[in-house]
$ cat my_file_38.cif   # mmCIF, C-alpha atoms
data_upload
#
loop_
_atom_site.label_atom_id
_atom_site.label_comp_id
_atom_site.auth_asym_id
_atom_site.auth_seq_id
_atom_site.Cartn_x
_atom_site.Cartn_y
_atom_site.Cartn_z
CA MET A 1 0.00 0.00 0.00
CA LYS A 2 1.19 3.40 -1.04
CA LYS A 3 2.17 5.77 1.73
CA PRO A 4 0.54 9.26 1.43
CA LEU A 5 2.95 12.17 0.82
CA VAL A 6 3.32 14.61 3.51
CA GLY A 7 5.16 17.82 4.13
CA ASP A 8 7.82 18.91 1.58
CA ASP A 9 7.19 15.96 -0.70
CA ALA A 10 3.53 16.80 -1.16
CA SER A 11 4.32 20.40 -1.80
CA TYR A 12 6.95 19.46 -4.36
CA VAL A 13 4.63 17.15 -6.25
CA GLN A 14 1.91 19.78 -6.35
CA LYS A 15 4.36 22.34 -7.68
CA VAL A 16 5.58 19.97 -10.42
CA SER A 17 2.00 19.20 -11.36
CA GLN A 18 1.15 22.87 -11.62
CA GLU A 19 4.28 23.58 -13.69
CA THR A 20 3.45 20.68 -16.00
CA ASN A 21 -0.12 21.91 -16.44
CA ARG A 22 1.09 25.42 -17.29
CA TYR A 23 3.65 24.00 -19.72
CA VAL A 24 0.97 21.95 -21.47
CA ARG A 25 -1.32 25.02 -21.71
CA ASP A 26 1.53 27.06 -23.18
CA LEU A 27 2.30 24.31 -25.68
CA LEU A 28 -1.35 24.14 -26.70
CA ALA A 29 -1.46 27.92 -27.09
CA ASP A 30 1.72 27.86 -29.21
CA ASN A 31 0.29 25.05 -31.26
CA GLU A 32 -2.83 27.08 -31.87
CA ARG A 33 -0.74 30.13 -32.98
CA VAL A 34 1.33 27.93 -35.34
CA ARG A 35 -1.86 26.44 -36.79
CA SER A 36 -3.21 29.91 -37.35
CA VAL A 37 0.03 31.09 -39.06
CA ALA A 38 0.08 27.91 -41.16
CA ALA A 39 -3.53 28.52 -42.23
CA ALA A 40 -2.74 32.14 -43.10
CA LEU A 41 0.30 31.05 -45.12
CA GLU A 42 -1.73 28.39 -46.84
CA SER A 43 -4.31 30.97 -47.79
CA GLU A 44 -1.59 33.34 -49.03
CA VAL A 45 -0.03 30.57 -51.15
CA THR A 46 -3.43 29.81 -52.66
CA ALA A 47 -3.98 33.49 -53.44
CA LEU A 48 -0.49 33.75 -54.96
CA ARG A 49 -1.12 30.65 -57.05
CA ARG A 50 -4.33 32.22 -58.33
CA GLU A 51 -2.46 35.44 -59.14
CA VAL A 52 0.28 33.50 -60.96
CA ALA A 53 -2.36 31.63 -62.94
CA THR A 54 -4.11 34.90 -63.82
CA ALA A 55 -0.81 36.55 -64.79
CA ARG A 56 0.15 33.52 -66.90
CA SER A 57 -3.18 33.60 -68.64
CA ALA A 58 -2.81 37.35 -69.27
CA MET A 59 0.70 36.77 -70.65
CA GLU A 60 -0.60 34.08 -72.99
CA ARG A 61 -3.37 36.39 -74.16
CA ARG A 62 -0.81 39.17 -74.72
CA ALA A 63 1.46 36.81 -76.63
CA GLU A 64 -1.50 35.81 -78.81
CA ASP A 65 -2.45 39.47 -79.29
CA GLU A 66 1.12 40.32 -80.18
CA ALA A 67 1.30 37.49 -82.70
CA ARG A 68 -2.04 38.58 -84.18
CA LEU A 69 -0.86 42.22 -84.38
CA ARG A 70 2.40 41.12 -85.99
CA ARG A 71 0.41 39.18 -88.59
CA GLN A 72 -1.83 42.21 -89.19
CA LEU A 73 1.21 44.49 -89.47
CA ALA A 74 2.86 42.17 -91.97
CA SER A 75 -0.37 42.04 -93.93
CA LEU A 76 -0.70 45.84 -93.84
CA GLU A 77 2.92 46.20 -94.94
CA ASP A 78 2.25 43.87 -97.86
CA GLU A 79 -0.87 45.84 -98.74
CA GLY A 80 1.07 49.11 -98.41
CA GLY A 81 3.77 47.77 -100.72
CA ARG A 82 1.15 46.65 -103.27
CA LEU A 83 -0.62 50.04 -103.12
CA SER A 84 2.69 51.82 -103.46
CA GLU A 85 3.55 49.79 -106.56
CA ARG A 86 0.07 50.40 -107.95
CA TYR A 87 0.40 54.14 -107.27
CA LEU A 88 3.68 54.22 -109.18
CA GLU A 89 2.10 52.27 -112.06
CA VAL A 90 -0.87 54.68 -112.17
CA GLU A 91 1.48 57.67 -112.00
CA GLU A 92 3.52 56.24 -114.85
CA GLN A 93 0.37 55.62 -116.88
CA ASN A 94 -0.76 59.19 -116.16
CA ALA A 95 2.61 60.52 -117.24
CA ASN A 96 2.46 58.42 -120.41
CA LEU A 97 -1.05 59.62 -121.19
CA ALA A 98 0.04 63.20 -120.54
CA ASN A 99 2.95 62.74 -122.96
CA LEU A 100 0.67 61.29 -125.62
CA TYR A 101 -1.90 64.04 -125.07
CA VAL A 102 0.73 66.76 -125.34
CA ALA A 103 2.19 65.18 -128.49
CA SER A 104 -1.21 64.87 -130.11
CA TYR A 105 -2.24 68.39 -129.09
CA ARG A 106 0.98 69.88 -130.43
CA LEU A 107 0.71 68.06 -133.78
CA HIS A 108 -2.88 69.09 -134.39
CA GLY A 109 -2.72 72.55 -132.86
CA THR A 110 -1.63 74.21 -136.09
CA LEU A 111 -2.02 74.10 -139.86
CA ASP A 112 1.35 75.73 -140.44
CA ARG A 113 3.89 73.25 -141.85
CA LYS A 114 6.80 74.93 -140.05
CA ASP A 115 4.97 74.65 -136.73
CA VAL A 116 4.12 70.97 -137.30
CA LEU A 117 7.77 70.20 -138.11
CA GLU A 118 8.80 72.13 -134.98
CA ALA A 119 6.25 70.15 -132.94
CA ILE A 120 7.69 66.86 -134.27
CA HIS A 121 11.18 68.07 -133.36
CA GLU A 122 10.07 69.09 -129.86
CA ILE A 123 8.29 65.77 -129.30
CA VAL A 124 11.39 63.82 -130.33
CA ALA A 125 13.73 66.07 -128.33
CA ASN A 126 11.69 66.48 -125.17
CA LEU A 127 9.48 63.43 -124.92
CA VAL A 128 11.56 60.76 -126.67
CA GLY A 129 15.05 62.10 -125.94
CA SER A 130 17.00 62.72 -129.15
CA GLU A 131 18.16 65.93 -130.76
CA GLN A 132 19.02 64.37 -134.10
CA LEU A 133 16.26 63.62 -136.55
CA ALA A 134 15.35 63.72 -140.20
CA ILE A 135 11.97 63.57 -141.93
CA TYR A 136 11.61 62.19 -145.43
CA SER A 137 8.51 62.29 -147.63
CA THR A 138 7.75 59.56 -150.15
CA ARG A 139 7.81 60.37 -153.86
CA PRO A 140 6.01 57.33 -155.32
CA GLU A 141 6.43 58.57 -158.90
CA SER A 142 10.24 58.34 -158.60
CA GLY A 143 10.36 55.57 -156.00
CA THR A 144 12.40 57.75 -153.69
CA LEU A 145 12.30 59.49 -150.34
CA GLU A 146 12.87 63.23 -150.32
CA LEU A 147 14.38 65.00 -147.32
CA THR A 148 11.83 67.37 -145.77
CA THR A 149 13.94 68.49 -142.82
CA ALA A 150 16.97 67.41 -140.83
CA ILE A 151 17.76 68.73 -137.37
CA GLY A 152 21.00 68.21 -135.51
CA VAL A 153 22.25 65.49 -137.90
CA VAL A 154 25.87 66.03 -138.93
CA PRO A 155 26.70 65.61 -141.74
CA GLU A 156 23.27 66.30 -143.18
CA PRO A 157 21.67 63.09 -144.48
CA PRO A 158 21.18 62.62 -148.24
CA SER A 159 18.48 64.73 -149.86
CA THR A 160 16.99 61.69 -151.61
CA ILE A 161 17.07 57.99 -150.76
CA PRO A 162 15.75 55.26 -153.06
CA ILE A 163 12.91 53.37 -151.36
CA GLY A 164 14.35 50.05 -150.19
CA ARG A 165 17.94 51.31 -149.83
CA GLY A 166 19.53 51.12 -146.42
CA LEU A 167 17.62 50.91 -143.15
CA ILE A 168 15.52 54.01 -143.81
CA GLY A 169 14.57 52.89 -147.31
CA ALA A 170 13.82 49.36 -146.06
CA ALA A 171 11.49 50.65 -143.32
CA VAL A 172 9.48 52.57 -145.94
CA ARG A 173 9.46 49.61 -148.33
CA ASP A 174 8.24 47.30 -145.54
CA GLY A 175 5.86 49.89 -144.13
CA LYS A 176 7.10 49.04 -140.63
CA THR A 177 8.60 51.06 -137.80
CA TYR A 178 12.04 49.75 -136.87
CA LEU A 179 13.89 50.36 -133.61
CA PHE A 180 17.59 49.55 -133.37
CA GLU A 181 19.17 48.52 -130.09
CA SER A 182 22.75 49.19 -131.19
CA THR A 183 24.34 51.83 -133.37
CA GLY A 184 27.69 52.28 -135.10
CA ASP A 185 27.49 49.03 -137.12
CA PRO A 186 30.17 49.40 -139.86
CA ASP A 187 27.93 47.53 -142.30
CA ARG A 188 25.43 50.36 -142.21
CA LEU A 189 25.37 53.16 -144.76
CA PRO A 190 27.49 56.12 -143.54
CA HIS A 191 24.49 58.38 -142.89
CA GLU A 192 22.75 55.62 -140.91
CA ARG A 193 25.56 54.83 -138.44
CA ASP A 194 23.80 56.51 -135.51
CA LEU A 195 20.27 55.60 -136.57
CA THR A 196 18.18 54.38 -133.61
CA ALA A 197 14.63 54.42 -135.01
CA CYS A 198 12.74 54.65 -138.29
CA VAL A 199 9.13 55.62 -137.69
CA VAL A 200 7.11 55.11 -140.83
CA LEU A 201 4.49 57.82 -141.30
CA LYS A 202 1.19 56.47 -142.61
CA LEU A 203 -1.98 58.15 -143.72
CA ASP A 204 -4.94 55.85 -144.07
CA GLY A 205 -2.57 52.88 -144.39
CA VAL A 206 -0.46 54.51 -147.09
CA VAL A 207 3.18 55.31 -146.30
CA THR A 208 3.71 59.05 -146.74
CA GLY A 209 7.14 59.39 -145.21
CA VAL A 210 9.50 58.37 -142.47
CA LEU A 211 10.85 59.94 -139.32
CA ALA A 212 14.46 58.89 -138.78
CA ILE A 213 15.79 59.33 -135.26
CA PHE A 214 19.52 59.20 -134.73
CA ARG A 215 21.67 59.36 -131.57
CA LEU A 216 19.79 59.43 -128.24
CA LEU A 217 20.63 61.90 -125.48
CA PRO A 218 23.45 60.69 -123.18
CA GLN A 219 21.08 60.10 -120.26
CA LYS A 220 18.75 57.99 -122.42
CA SER A 221 20.07 54.45 -122.73
CA ALA A 222 17.26 52.79 -124.69
CA PHE A 223 13.69 53.19 -125.89
CA GLY A 224 10.94 52.26 -123.43
CA ALA A 225 7.26 51.36 -123.63
CA LEU A 226 6.23 55.02 -123.74
CA ASP A 227 8.56 55.67 -126.68
CA ARG A 228 6.87 52.89 -128.62
CA GLU A 229 3.49 54.45 -127.93
CA LEU A 230 4.80 57.84 -128.97
CA PHE A 231 6.11 56.31 -132.19
CA ASP A 232 2.71 54.74 -132.88
CA LEU A 233 1.12 58.13 -132.30
CA LEU A 234 3.67 59.94 -134.47
CA ALA A 235 3.25 57.36 -137.24
CA THR A 236 -0.36 58.36 -137.83
CA HIS A 237 -0.76 61.80 -136.24
CA ALA A 238 2.40 63.35 -137.68
CA ALA A 239 1.44 62.06 -141.13
CA THR A 240 -2.07 63.48 -140.73
CA ALA A 241 -0.80 66.81 -139.41
CA LEU A 242 1.68 67.18 -142.28
CA PHE A 243 -1.02 66.24 -144.79
CA CYS A 244 -3.35 68.85 -143.28
CA THR A 245 -0.69 71.54 -143.69
CA GLU A 246 -0.52 70.69 -147.41
CA MET A 247 -4.32 70.86 -147.64
CA ALA A 248 -4.30 74.16 -145.79
CA SER A 249 -1.77 75.65 -148.19
CA GLY A 250 -3.80 74.46 -151.21
CA PRO A 251 -5.73 76.80 -153.52
CA ALA A 252 -9.12 76.23 -151.86
CA MET A 253 -7.83 77.13 -148.41
CA ARG A 254 -5.93 80.13 -149.76
CA ARG A 255 -9.15 81.39 -151.37
CA SER A 256 -11.00 80.78 -148.11
CA ALA A 257 -8.33 82.67 -146.17
CA ARG A 258 -8.62 85.61 -148.56
CA GLY A 259 -12.38 85.60 -147.96
CA MET B 1 -6.38 78.07 -96.46
CA PRO B 2 -2.65 77.98 -97.28
CA THR B 3 -1.58 80.04 -100.30
CA LYS B 4 -0.46 78.13 -103.37
CA LYS B 5 3.27 78.07 -104.05
CA LYS B 6 4.19 79.98 -107.17
CA ILE B 7 6.48 78.44 -109.76
CA LEU B 8 8.00 80.26 -112.72
CA LEU B 9 8.35 77.97 -115.76
CA VAL B 10 10.92 79.15 -118.28
CA ASP B 11 11.17 77.43 -121.65
CA ASP B 12 10.86 78.36 -125.32
CA SER B 13 9.33 74.98 -126.20
CA LYS B 14 5.54 74.85 -126.16
CA THR B 15 5.75 71.07 -125.76
CA VAL B 16 7.88 71.29 -122.62
CA LEU B 17 5.77 74.07 -121.11
CA MET B 18 2.61 72.08 -121.73
CA MET B 19 4.17 68.96 -120.25
CA GLU B 20 5.36 70.86 -117.16
CA GLN B 21 1.96 72.47 -116.72
CA MET B 22 0.25 69.08 -116.88
CA ILE B 23 2.57 67.68 -114.23
CA LEU B 24 2.41 70.70 -111.92
CA ASN B 25 -1.28 71.57 -112.23
CA LYS B 26 -1.99 68.19 -110.67
CA ALA B 27 -0.04 69.30 -107.60
CA ALA B 28 -1.96 72.60 -107.39
CA TYR B 29 0.81 75.13 -107.87
CA GLU B 30 0.32 78.61 -109.24
CA LEU B 31 2.24 78.75 -112.50
CA VAL B 32 3.81 81.72 -114.25
CA ILE B 33 5.34 81.33 -117.71
CA ALA B 34 8.32 82.93 -119.44
CA ASN B 35 9.72 82.00 -122.85
CA ASP B 36 13.36 83.06 -122.48
CA GLY B 37 15.92 84.18 -119.92
CA ARG B 38 15.16 87.88 -120.26
CA GLN B 39 11.45 87.36 -119.63
CA ALA B 40 12.35 85.08 -116.73
CA ILE B 41 14.31 87.82 -114.95
CA ALA B 42 11.48 90.33 -115.45
CA LYS B 43 8.82 87.90 -114.21
CA ALA B 44 10.93 86.76 -111.27
CA ASN B 45 11.20 90.39 -110.13
CA ASP B 46 7.49 91.09 -110.68
CA GLU B 47 5.95 87.86 -109.47
CA HIS B 48 8.37 86.74 -106.71
CA PRO B 49 8.01 83.01 -107.43
CA ASP B 50 8.86 80.42 -104.78
CA LEU B 51 10.87 78.43 -107.32
CA ILE B 52 12.05 78.71 -110.93
CA LEU B 53 12.18 75.79 -113.35
CA MET B 54 14.40 76.91 -116.23
CA ASP B 55 15.47 75.45 -119.55
CA VAL B 56 19.13 75.81 -120.54
CA MET B 57 18.91 76.43 -124.28
CA MET B 58 16.68 79.41 -125.11
CA PRO B 59 16.72 82.32 -127.55
CA GLU B 60 17.44 85.88 -126.34
CA MET B 61 19.07 84.76 -123.12
CA GLY B 62 19.94 81.18 -122.17
CA GLY B 63 19.29 79.52 -118.82
CA PHE B 64 22.83 79.74 -117.43
CA GLU B 65 23.10 83.48 -118.07
CA ALA B 66 19.62 84.13 -116.67
CA CYS B 67 20.45 82.04 -113.61
CA ALA B 68 23.65 84.04 -112.95
CA LYS B 69 21.74 87.33 -113.30
CA LEU B 70 18.99 86.13 -110.95
CA ARG B 71 21.63 85.18 -108.39
CA SER B 72 23.11 88.69 -108.51
CA GLY B 73 19.73 90.41 -108.06
CA GLU B 74 18.80 91.48 -104.53
CA ALA B 75 15.17 90.34 -104.81
CA THR B 76 15.83 87.08 -106.67
CA ARG B 77 19.06 85.68 -105.30
CA GLY B 78 17.34 83.39 -102.78
CA ILE B 79 14.88 81.76 -105.17
CA PRO B 80 15.67 78.08 -105.78
CA ILE B 81 16.38 77.48 -109.49
CA ILE B 82 16.11 74.03 -111.03
CA MET B 83 17.65 73.81 -114.48
CA VAL B 84 16.04 71.58 -117.10
CA THR B 85 18.88 70.34 -119.22
CA THR B 86 18.92 68.29 -122.40
CA ARG B 87 22.52 67.34 -121.83
CA GLY B 88 23.11 65.20 -118.76
CA GLU B 89 26.90 65.23 -119.02
CA ALA B 90 29.05 66.38 -116.10
CA GLU B 91 30.33 69.43 -117.98
CA SER B 92 26.85 70.81 -118.56
CA ILE B 93 25.81 70.11 -114.98
CA GLU B 94 28.95 71.78 -113.57
CA LYS B 95 28.24 74.82 -115.74
CA GLY B 96 24.75 74.95 -114.28
CA TYR B 97 25.99 74.85 -110.69
CA ALA B 98 28.65 77.46 -111.52
CA SER B 99 25.89 79.79 -112.74
CA GLY B 100 24.17 79.38 -109.36
CA CYS B 101 21.40 76.85 -109.99
CA SER B 102 20.18 74.84 -107.01
CA ASP B 103 19.57 71.58 -108.84
CA TYR B 104 18.89 70.13 -112.28
CA ILE B 105 16.74 67.57 -114.05
CA THR B 106 17.30 66.07 -117.48
CA LYS B 107 14.97 65.71 -120.43
CA PRO B 108 12.77 63.82 -121.10
CA ILE B 109 11.24 65.11 -117.87
CA ASP B 110 10.26 62.46 -115.35
CA GLY B 111 7.14 63.77 -113.59
CA MET B 112 7.80 61.95 -110.30
CA GLU B 113 11.40 63.17 -110.18
CA LEU B 114 10.30 66.74 -110.90
CA LEU B 115 7.60 66.72 -108.21
CA SER B 116 9.96 65.18 -105.69
CA LYS B 117 12.61 67.89 -106.29
CA LEU B 118 10.01 70.67 -106.13
CA LYS B 119 8.62 69.39 -102.84
CA ASN B 120 12.12 69.22 -101.46
CA TYR B 121 12.93 72.84 -102.36
CA LEU B 122 9.51 74.15 -101.41
CA GLY B 123 9.72 72.47 -97.98
CA GLU B 124 6.61 70.37 -98.52
#
$ encode --input "my_file_38.cif" --output "structure tokens"
Amino acid sequence: MKKPLVGDDASYVQKVSQETNRYVRDLLADNERVRSVAAALESEVTALRREVATARSAMERRAEDEARLRRQLASLEDEGGRLSERYLEVEEQNANLANLYVASYRLHGTLDRKDVLEAIHEIVANLVGSEQLAIYSTRPESGTLELTTAIGVVPEPPSTIPIGRGLIGAAVRDGKTYLFESTGDPDRLPHERDLTACVVLKLDGVVTGVLAIFRLLPQKSAFGALDRELFDLLATHAATALFCTEMASGPAMRRSARG
Amino acid sequence: MPTKKKILLVDDSKTVLMMEQMILNKAAYELVIANDGRQAIAKANDEHPDLILMDVMMPEMGGFEACAKLRSGEATRGIPIIMVTTRGEAESIEKGYASGCSDYITKPIDGMELLSKLKNYLGE
């Protein structure tokens, strides 16, 4: 049988018991605080995870937007490039039409032969780009070409050329405009060394003459599409304009002018 | 509304003048015309153009001489002058700059090149 504690022993045991109880209470309180901190941290981690997920999603959306904008930009740049090219094409067409309009207007703006010849010279000098030209008229009765005018050609080309002789004569015989890419061929006739174009003048399908164009201006390396159109225009309109000057200087017109 | 820039066109060729007018009318400039160097000097003094587009070879007074005279005139020395030259060789171009021209273009006139140079000198 256990002997009851008395005196100092009982007091000691009671003290230890009290200390133990307080220690346990403190531990429980600490445990509660730690639980609370852990719960708070857990909640913070969850919130941060949500934020990270939201940020990641936003980043992905931005990346998609950026890719879409890049695609749109590339497409707009392509479109801009196409429009730019188209603008240049339209501008070039406008310039070509303006050239043709000016040429036509100048040829038909007068009935004076000298003015028509001057207009042809100006068209060749300023729109085509050559300061050396000669105009021949056909003389079917003699089968020759007769020099009407020569500007800037040194030495002056022959005053008559048999139709079919040389490049100029051949162009008239064939009734075709010829453009030459190279000049200075030693096989050519002396007066045709620098010849670059023979534009056959036709009135109602009949060859009435030829416009011979010699050396091009230094800055002009070759004929272009516009030159070909100008030559087509000159082929018919210059012939018509020259014919009209002859009509205008005829007896009927002179009588009309006198009233 | 901004005032139109005034350009003095100087050339004895009707074809060139007509061509220049067609190119420049599209860009809405006010155009004044002279047919030789002497007329150009008179019109430059009367009309005070913002720019002069001048041919080299003209009767009465050629482009180089007119350009030099315009450069020595109090009222005209600051006007930009673009020479329109048939000859694109260095010698001709140097002669143009020596006479005081600001720039040059060669014939046949390229409309886009002309407009681009005008815009540059007119600060557009």
$ closest_residue --input "my_file_38.cif" --among "A:Leu127, A:Leu83, A:Ala239, A:Met59" --to "chain B" --atoms "only C-alpha atoms"
A:Leu127
$ interface_residues --input "my_file_38.cif" --of "chain B" --to "chain A" --cutoff "7 Å" --atoms "all atoms listed in the file" --output "list in words"
Ser13, Thr15, Val16, Met18, Met19, Met22, Arg87, Gly88, Lys107, Pro108 and Gly111 of chain B
$ atom_distance --input "my_file_38.cif" --atom1 "atom CA of Thr196 of chain A" --atom2 "atom CA of Thr183 of chain A"
6.7 Å
$ residues_near_point --input "my_file_38.cif" --point "(20.9, 78.1, -121.0)" --cutoff "10 Å" --atoms "all atoms listed in the file" --output "ChimeraX atom specification"
/B:11,36-37,54-59,61-67,83-85,92,95-96,99
$ write_last_selection --input "my_file_38.cif" --atoms "C-alpha atoms" --output "PDB file, in the frame of the given file"
ATOM      1  CA  ASP B  11      11.170  77.430-121.650  1.00  0.00           C
ATOM      2  CA  ASP B  36      13.360  83.060-122.480  1.00  0.00           C
ATOM      3  CA  GLY B  37      15.920  84.180-119.920  1.00  0.00           C
ATOM      4  CA  MET B  54      14.400  76.910-116.230  1.00  0.00           C
ATOM      5  CA  ASP B  55      15.470  75.450-119.550  1.00  0.00           C
ATOM      6  CA  VAL B  56      19.130  75.810-120.540  1.00  0.00           C
ATOM      7  CA  MET B  57      18.910  76.430-124.280  1.00  0.00           C
ATOM      8  CA  MET B  58      16.680  79.410-125.110  1.00  0.00           C
ATOM      9  CA  PRO B  59      16.720  82.320-127.550  1.00  0.00           C
ATOM     10  CA  MET B  61      19.070  84.760-123.120  1.00  0.00           C
ATOM     11  CA  GLY B  62      19.940  81.180-122.170  1.00  0.00           C
ATOM     12  CA  GLY B  63      19.290  79.520-118.820  1.00  0.00           C
ATOM     13  CA  PHE B  64      22.830  79.740-117.430  1.00  0.00           C
ATOM     14  CA  GLU B  65      23.100  83.480-118.070  1.00  0.00           C
ATOM     15  CA  ALA B  66      19.620  84.130-116.670  1.00  0.00           C
ATOM     16  CA  CYS B  67      20.450  82.040-113.610  1.00  0.00           C
ATOM     17  CA  MET B  83      17.650  73.810-114.480  1.00  0.00           C
ATOM     18  CA  VAL B  84      16.040  71.580-117.100  1.00  0.00           C
ATOM     19  CA  THR B  85      18.880  70.340-119.220  1.00  0.00           C
ATOM     20  CA  SER B  92      26.850  70.810-118.560  1.00  0.00           C
ATOM     21  CA  LYS B  95      28.240  74.820-115.740  1.00  0.00           C
ATOM     22  CA  GLY B  96      24.750  74.950-114.280  1.00  0.00           C
ATOM     23  CA  SER B  99      25.890  79.790-112.740  1.00  0.00           C
TER      24      SER B  99
END
$ residues_around --input "my_file_38.cif" --residues "Leu24 of chain B" --least-positions-apart "5" --cutoff "10 Å" --atoms "all atoms listed in the file" --output "list of chain:residue names"
B:Ile7, B:Met18, B:Met19, B:Tyr29, B:Glu30, B:Leu31, B:Gly111, B:Leu114, B:Leu115, B:Leu118
$ atom_distance --input "my_file_38.cif" --atom1 "atom CA of Lys14 of chain B" --atom2 "atom CA of Phe180 of chain A"
28.9 Å
$ resolve_selection --input "my_file_38.cif" --expression "the PyMOL selection byres ((chain A and resi 200) around 7)" --output "ChimeraX atom specification"
/A:171-172,175-177,198-199,201-202,207,209-211,235
$ resolve_selection --input "my_file_38.cif" --expression "the PyMOL selection byres ((chain A and resi 148) around 9)" --output "PyMOL selection string"
chain A and resi 134-137+146-147+149-150+159
$ atom_distance --input "my_file_38.cif" --atom1 "atom CA of Leu53 of chain B" --atom2 "atom CA of Val10 of chain B"
6.1 Å
$ residues_around --input "my_file_38.cif" --residues "Leu111 of chain A" --least-positions-apart "3" --cutoff "12 Å" --atoms "all atoms listed in the file" --output "list in words"
Arg106, Leu107, His108, Lys114, Asp115, Val116, Leu117, Ala119, Ala238, Thr240, Ala241, Leu242, Phe243, Cys244, Thr245, Glu246, Met247, Ala248, Ser249, Gly250 and Met253 of chain A
$ closest_residue --input "my_file_38.cif" --among "B:Lys43, B:Lys117, B:Lys5, B:Arg38" --to "Asn25 of chain B" --atoms "all atoms listed in the file"
B:Lys5
$ axis_aligned_box --input "my_file_38.cif" --around "segment 44-59 of chain B" --padding-each-side "5 Å" --output "lines of an AutoDock Vina configuration file"
center_x = 12.5
center_y = 83.3
center_z = -116.2
size_x = 23.2
size_y = 25.6
size_z = 32.8
$ resolve_selection --input "my_file_38.cif" --expression "the PyMOL selection byres ((chain B and resi 47) around 12)" --output "list of chain:residue names"
B:Lys5, B:Lys6, B:Ile7, B:Leu8, B:Leu9, B:Glu30, B:Leu31, B:Val32, B:Ile33, B:Ala34, B:Gln39, B:Ala40, B:Ile41, B:Ala42, B:Lys43, B:Ala44, B:Asn45, B:Asp46, B:His48, B:Pro49, B:Asp50, B:Leu51, B:Ile52, B:Ala75, B:Thr76, B:Ile79
$ closest_residue --input "my_file_38.cif" --among "A:His237, A:Lys3, A:Ala40, A:Leu216" --to "Asp204 of chain A" --atoms "only C-alpha atoms"
A:His237
